[in-house]
$ cat query24.txt   # compact mmCIF, C-alpha atoms
# COMPACT_ATOMS: atom_id res chain seq x y z
CA MET A 294 0.00 0.00 0.00
CA ASP A 295 1.46 3.34 -1.11
CA LEU A 296 0.67 5.78 1.68
CA THR A 297 2.68 8.63 0.17
CA SER A 298 -0.19 9.56 -2.15
CA LEU A 299 -2.72 9.85 0.67
CA PRO A 300 -3.53 13.03 2.61
CA LYS A 301 -1.60 13.10 5.90
CA ASN A 302 -4.67 12.70 8.12
CA LEU A 303 -5.79 9.70 6.09
CA ALA A 304 -2.36 8.10 5.77
CA ILE A 305 -1.98 7.82 9.55
CA LEU A 306 -5.10 5.64 9.70
CA TYR A 307 -3.43 3.08 7.45
CA ALA A 308 0.09 3.37 8.82
CA GLY A 309 -0.65 1.15 11.80
CA ARG A 310 -0.81 2.02 15.47
CA ASP A 311 1.63 1.34 18.26
CA PRO A 312 4.01 -0.96 16.33
CA GLN A 313 5.73 -3.62 18.39
CA ARG A 314 8.93 -2.36 19.97
CA ARG A 315 11.61 -4.19 21.82
CA GLY A 316 11.79 -3.65 25.53
CA PRO A 317 9.11 -2.56 28.01
CA ARG A 318 5.83 -1.28 26.62
CA PRO A 319 5.71 2.53 26.90
CA ALA A 320 3.36 3.99 29.49
CA LEU A 321 1.83 6.28 26.85
CA THR A 322 0.60 4.90 23.51
CA LEU A 323 -1.30 6.26 20.53
CA ASP A 324 -4.23 3.94 21.26
CA GLY A 325 -4.27 5.21 24.83
CA VAL A 326 -4.32 8.81 23.66
CA ILE A 327 -7.21 8.11 21.28
CA ALA A 328 -9.20 6.20 23.90
CA ALA A 329 -8.80 9.02 26.42
CA ALA A 330 -9.89 11.59 23.83
CA VAL A 331 -13.00 9.54 22.93
CA GLU A 332 -13.93 9.20 26.61
CA LEU A 333 -13.52 12.94 27.05
CA ALA A 334 -15.68 13.70 24.00
CA ASP A 335 -18.38 11.29 25.22
CA ALA A 336 -18.44 13.03 28.59
CA GLU A 337 -18.04 16.68 27.62
CA GLY A 338 -18.74 16.89 23.90
CA LEU A 339 -16.30 17.77 21.16
CA PRO A 340 -15.70 21.37 22.34
CA GLY A 341 -14.43 19.92 25.62
CA VAL A 342 -11.61 18.02 23.89
CA SER A 343 -8.20 19.64 23.83
CA MET A 344 -4.67 18.31 23.80
CA ALA A 345 -4.16 19.71 27.30
CA LYS A 346 -7.28 18.00 28.69
CA VAL A 347 -6.40 14.67 27.09
CA ALA A 348 -2.89 14.88 28.54
CA GLU A 349 -4.29 15.73 31.97
CA ARG A 350 -6.66 12.76 31.78
CA LEU A 351 -3.70 10.47 31.06
CA GLY A 352 -1.41 12.05 33.64
CA PHE A 353 1.15 13.30 31.12
CA THR A 354 2.28 16.68 29.83
CA THR A 355 0.68 18.14 26.72
CA MET A 356 4.00 18.00 24.89
CA SER A 357 4.10 14.23 25.43
CA LEU A 358 1.03 13.83 23.21
CA TYR A 359 2.72 15.49 20.25
CA ARG A 360 5.01 12.47 19.95
CA TYR A 361 1.90 10.54 18.84
CA VAL A 362 -0.40 13.09 17.16
CA ARG A 363 0.62 16.29 15.46
CA SER A 364 -2.52 18.31 16.09
CA LYS A 365 -6.05 18.24 17.44
CA ASP A 366 -7.35 17.90 13.86
CA GLU A 367 -5.31 14.74 13.42
CA LEU A 368 -6.52 13.43 16.77
CA LEU A 369 -10.11 14.04 15.67
CA VAL A 370 -9.60 11.91 12.56
CA LEU A 371 -8.26 9.07 14.71
CA MET A 372 -11.08 9.45 17.25
CA ALA A 373 -13.77 9.24 14.56
CA ASP A 374 -12.22 6.13 13.02
CA THR A 375 -11.96 4.45 16.42
CA ALA A 376 -15.55 5.28 17.42
CA ASN A 377 -16.87 3.90 14.13
CA ARG A 378 -14.94 0.65 14.62
CA GLU A 379 -16.40 -0.09 18.05
CA GLN A 380 -19.59 -1.52 16.56
CA ALA A 381 -18.28 -3.48 13.61
CA PRO A 382 -20.86 -3.94 10.83
CA VAL A 383 -21.92 -7.44 9.84
CA ALA A 384 -23.30 -8.05 6.35
CA ALA A 385 -26.39 -10.24 5.92
CA PRO A 386 -26.71 -10.59 2.14
CA GLU A 387 -29.18 -13.49 2.40
CA SER A 388 -31.86 -10.82 3.06
CA TRP A 389 -30.92 -7.43 1.68
CA ARG A 390 -33.76 -5.73 3.53
CA ASP A 391 -32.95 -7.24 6.93
CA GLY A 392 -29.28 -6.60 6.30
CA MET A 393 -29.78 -2.94 5.43
CA ALA A 394 -32.19 -2.44 8.34
CA ALA A 395 -29.57 -3.75 10.77
CA TRP A 396 -26.89 -1.72 8.99
CA ALA A 397 -28.83 1.54 9.30
CA LYS A 398 -29.65 0.83 12.95
CA GLY A 399 -25.94 0.24 13.54
CA ILE A 400 -25.05 3.61 12.01
CA PHE A 401 -27.74 5.29 14.11
CA GLY A 402 -26.45 3.50 17.22
CA VAL A 403 -22.89 4.72 16.68
CA TYR A 404 -24.05 8.32 16.45
CA ARG A 405 -26.28 7.93 19.50
CA GLN A 406 -23.41 6.45 21.51
CA HIS A 407 -20.98 9.15 20.35
CA PRO A 408 -23.06 12.27 19.54
CA TRP A 409 -19.91 14.30 18.99
CA LEU A 410 -19.37 12.38 15.75
CA LEU A 411 -22.19 14.47 14.30
CA GLN A 412 -19.90 17.50 14.60
CA VAL A 413 -17.09 15.88 12.63
CA PRO A 414 -17.03 17.45 9.13
CA MET A 415 -17.78 15.12 6.21
CA SER A 416 -15.62 17.07 3.76
CA THR A 417 -14.28 14.09 1.80
CA PRO A 418 -15.76 10.82 0.50
CA PRO A 419 -15.50 7.89 2.96
CA ALA A 420 -11.97 6.53 2.73
CA GLY A 421 -10.85 5.68 6.27
CA PRO A 422 -10.61 2.04 7.42
CA SER A 423 -13.77 2.09 9.54
CA GLN A 424 -15.73 4.04 6.91
CA LEU A 425 -14.80 1.48 4.26
CA LEU A 426 -15.84 -1.37 6.57
CA TRP A 427 -19.32 0.13 6.89
CA MET A 428 -19.51 0.87 3.18
CA GLU A 429 -18.37 -2.64 2.27
CA ALA A 430 -20.95 -4.22 4.59
CA GLY A 431 -23.73 -2.10 3.11
CA LEU A 432 -22.80 -2.99 -0.46
CA GLN A 433 -22.47 -6.67 0.45
CA ASN A 434 -26.04 -6.59 1.75
CA LEU A 435 -27.15 -5.50 -1.71
CA ALA A 436 -24.82 -7.76 -3.68
CA ALA A 437 -27.53 -10.17 -4.86
CA LEU A 438 -29.76 -7.43 -6.27
CA ASP A 439 -29.89 -7.28 -10.07
CA VAL A 440 -29.45 -3.51 -10.22
CA PRO A 441 -26.59 -1.25 -11.31
CA GLU A 442 -23.72 -0.85 -8.85
CA GLY A 443 -24.33 2.89 -8.80
CA LEU A 444 -27.87 2.33 -7.53
CA LYS A 445 -26.55 0.15 -4.71
CA LEU A 446 -24.26 3.00 -3.68
CA GLN A 447 -27.19 5.43 -3.77
CA ILE A 448 -29.19 3.14 -1.46
CA VAL A 449 -26.27 2.97 0.98
CA GLN A 450 -25.90 6.76 0.90
CA LEU A 451 -29.64 7.27 1.36
CA LEU A 452 -29.80 5.09 4.46
CA HIS A 453 -26.63 6.57 5.93
CA GLY A 454 -27.96 10.08 5.43
CA TYR A 455 -31.25 9.13 7.07
CA ALA A 456 -29.52 7.51 10.07
CA ARG A 457 -27.23 10.50 10.55
CA GLY A 458 -30.08 13.00 10.19
CA GLU A 459 -32.29 11.18 12.71
CA ALA A 460 -29.39 10.91 15.14
CA GLN A 461 -28.88 14.67 14.83
CA LEU A 462 -32.57 15.29 15.51
CA SER A 463 -32.51 12.94 18.50
CA ALA A 464 -29.38 14.61 19.90
CA ASP A 465 -30.84 18.10 19.43
CA GLN A 466 -34.07 17.19 21.22
CA SER A 467 -32.28 15.58 24.14
CA ALA A 468 -29.60 18.26 24.57
CA PRO A 469 -29.90 20.15 27.88
CA GLY A 470 -30.05 23.91 27.84
CA PRO A 471 -32.09 26.95 28.87
CA GLU A 472 -34.30 26.65 25.78
CA ALA A 473 -34.86 22.91 26.11
CA GLY A 474 -38.45 21.92 26.73
CA SER A 475 -40.73 18.92 26.73
CA THR A 476 -43.21 17.88 24.09
CA ALA A 477 -45.95 19.24 26.37
CA ASP A 478 -44.17 22.62 26.41
CA TYR A 479 -44.17 22.60 22.61
CA GLY A 480 -47.87 21.82 22.61
CA ARG A 481 -48.55 24.82 24.86
CA ILE A 482 -46.50 27.04 22.56
CA LEU A 483 -48.45 25.91 19.51
CA ARG A 484 -51.75 26.49 21.27
CA ALA A 485 -50.64 30.04 22.11
CA VAL A 486 -49.51 31.05 18.60
CA THR A 487 -51.96 29.23 16.32
CA ASP A 488 -55.70 29.35 15.72
CA PRO A 489 -58.11 27.46 13.44
CA GLU A 490 -58.38 30.27 10.89
CA THR A 491 -54.68 30.73 10.15
CA HIS A 492 -53.37 27.27 11.03
CA PRO A 493 -56.21 24.76 10.66
CA ALA A 494 -53.90 21.77 10.15
CA LEU A 495 -51.72 22.63 13.15
CA THR A 496 -54.80 23.20 15.27
CA ARG A 497 -56.05 19.71 14.43
CA LEU A 498 -52.63 18.29 15.22
CA VAL A 499 -52.52 19.90 18.66
CA ALA A 500 -56.13 18.93 19.36
CA SER A 501 -55.30 15.29 18.60
CA GLY A 502 -53.36 15.12 21.88
CA LEU A 503 -50.11 14.18 20.17
CA PHE A 504 -48.11 16.55 22.34
CA ASP A 505 -49.73 15.44 25.58
CA GLY A 506 -48.03 12.03 25.63
CA PRO A 507 -44.42 10.88 26.18
CA THR A 508 -41.79 13.50 25.57
CA GLY A 509 -38.79 13.55 23.28
CA TYR A 510 -37.54 11.42 20.45
CA ASP A 511 -38.31 7.70 20.61
CA ASP A 512 -35.48 5.75 18.98
CA ASP A 513 -37.59 2.70 18.19
CA ILE A 514 -40.79 4.41 17.05
CA ASP A 515 -39.48 7.53 15.33
CA PHE A 516 -36.39 6.00 13.73
CA GLY A 517 -38.17 2.75 12.92
CA PHE A 518 -41.02 4.46 11.06
CA GLY A 519 -38.74 6.32 8.69
CA LEU A 520 -36.48 3.32 8.17
CA SER A 521 -39.40 1.04 7.26
CA THR A 522 -40.81 3.67 4.91
CA ILE A 523 -37.49 4.07 3.09
CA LEU A 524 -37.02 0.31 2.79
CA ASP A 525 -40.57 -0.04 1.43
CA GLY A 526 -39.64 2.44 -1.29
CA VAL A 527 -36.37 0.70 -2.07
CA GLU A 528 -38.18 -2.64 -2.26
CA ARG A 529 -40.63 -1.22 -4.82
CA LEU A 530 -37.66 0.03 -6.81
CA VAL A 531 -35.59 -3.16 -6.83
CA GLY A 532 -38.36 -5.74 -6.46
CA PRO A 533 -39.41 -7.92 -3.50
CA PRO A 534 -37.00 -10.45 -1.98
CA PRO A 535 -37.22 -13.94 -3.51
CA ALA A 536 -39.72 -16.33 -1.90
$ encode --input "query24.txt" --output "structure tokens"
Amino acid sequence: MDLTSLPKNLAILYAGRDPQRRGPRPALTLDGVIAAAVELADAEGLPGVSMAKVAERLGFTTMSLYRYVRSKDELLVLMADTANREQAPVAAPESWRDGMAAWAKGIFGVYRQHPWLLQVPMSTPPAGPSQLLWMEAGLQNLAALDVPEGLKLQIVQLLHGYARGEAQLSADQSAPGPEAGSTADYGRILRAVTDPETHPALTRLVASGLFDGPTGYDDDIDFGFGLSTILDGVERLVGPPPA
């Protein structure tokens, strides 16, 4: 593998981590740095991650970290790859629909477990090791379909975009803050600012009692509805699974 042609932040993902050295294992390792940074991001969010805080969490000086990562941006690339590898995807090509349902739920689960991943820019096509594992599993689920390869990629992208978008919505609704409110609060707001003449549809919605029940985003109900609807559409496009 020729790593010289890869961007620096991508090349480090393929260069291998913590190669075996002779003698005692060092107290500080690249994997340890990444793990500490992921734990910090899970606890405090991405803005709470800094080289100084990671070093403090490990009990080392900030300068010690620069022997393993050159910058916070590089650390972020490594963190994202590690978080995406924690829940390794498993292809199930014997049933493309079941396989893609599990695949999309896995993507959603990764974002729910590590909400800070939603703040990681997606400025380049997926090319990191963990990204390619997920992409490969998705395409393997669709391998038996008699459709163009480009359409399979579009299906994978569609489901990934849906899972990421729903995870963002779920994270936004559950985020604490001075403006955060319950579903009941939202219902009261709608009742205050709408009336049957100007907002007849919204008035009917509020009157239905929808906002009087459980609060917040329901992972199973809300995510499951959209996922089933998308898969129904894909099934109409590619044909039903064989009997």
$ closest_residue --input "query24.txt" --among "A:Asp478, A:Asp465, A:Asp488, A:Asp324" --to "Trp409 in chain A" --atoms "all atoms listed in the file"
A:Asp465
$ atom_distance --input "query24.txt" --atom1 "CA of Leu323 in chain A" --atom2 "CA of Val347 in chain A"
11.8 Å
$ residues_near_point --input "query24.txt" --point "(-8.3, 6.4, 23.3)" --cutoff "10 Å" --atoms "all atoms listed in the file" --output "ChimeraX atom specification"
/A:322-333,347,351,368,371-372,375-376
$ atom_distance --input "query24.txt" --atom1 "CA of Pro300 in chain A" --atom2 "CA of Gly402 in chain A"
28.8 Å
$ atom_distance --input "query24.txt" --atom1 "CA of Leu358 in chain A" --atom2 "CA of Met415 in chain A"
25.4 Å
$ closest_residue --input "query24.txt" --among "A:Ala373, A:Leu306, A:Val499, A:Val362" --to "His407 in chain A" --atoms "all atoms listed in the file"
A:Ala373
$ residues_near_point --input "query24.txt" --point "(-2.7, 10.6, 9.9)" --cutoff "12 Å" --atoms "all atoms listed in the file" --output "VMD selection string"
chain A and resid 296 to 297 299 to 310 323 361 to 372 374 421 to 422
$ closest_residue --input "query24.txt" --among "A:Ile400, A:Val383, A:Ala460, A:Met428" --to "Asp515 in chain A" --atoms "only C-alpha atoms"
A:Ala460
$ closest_residue --input "query24.txt" --among "A:Glu337, A:Asp295, A:Asp525, A:Glu459" --to "Leu411 in chain A" --atoms "all atoms listed in the file"
A:Glu459
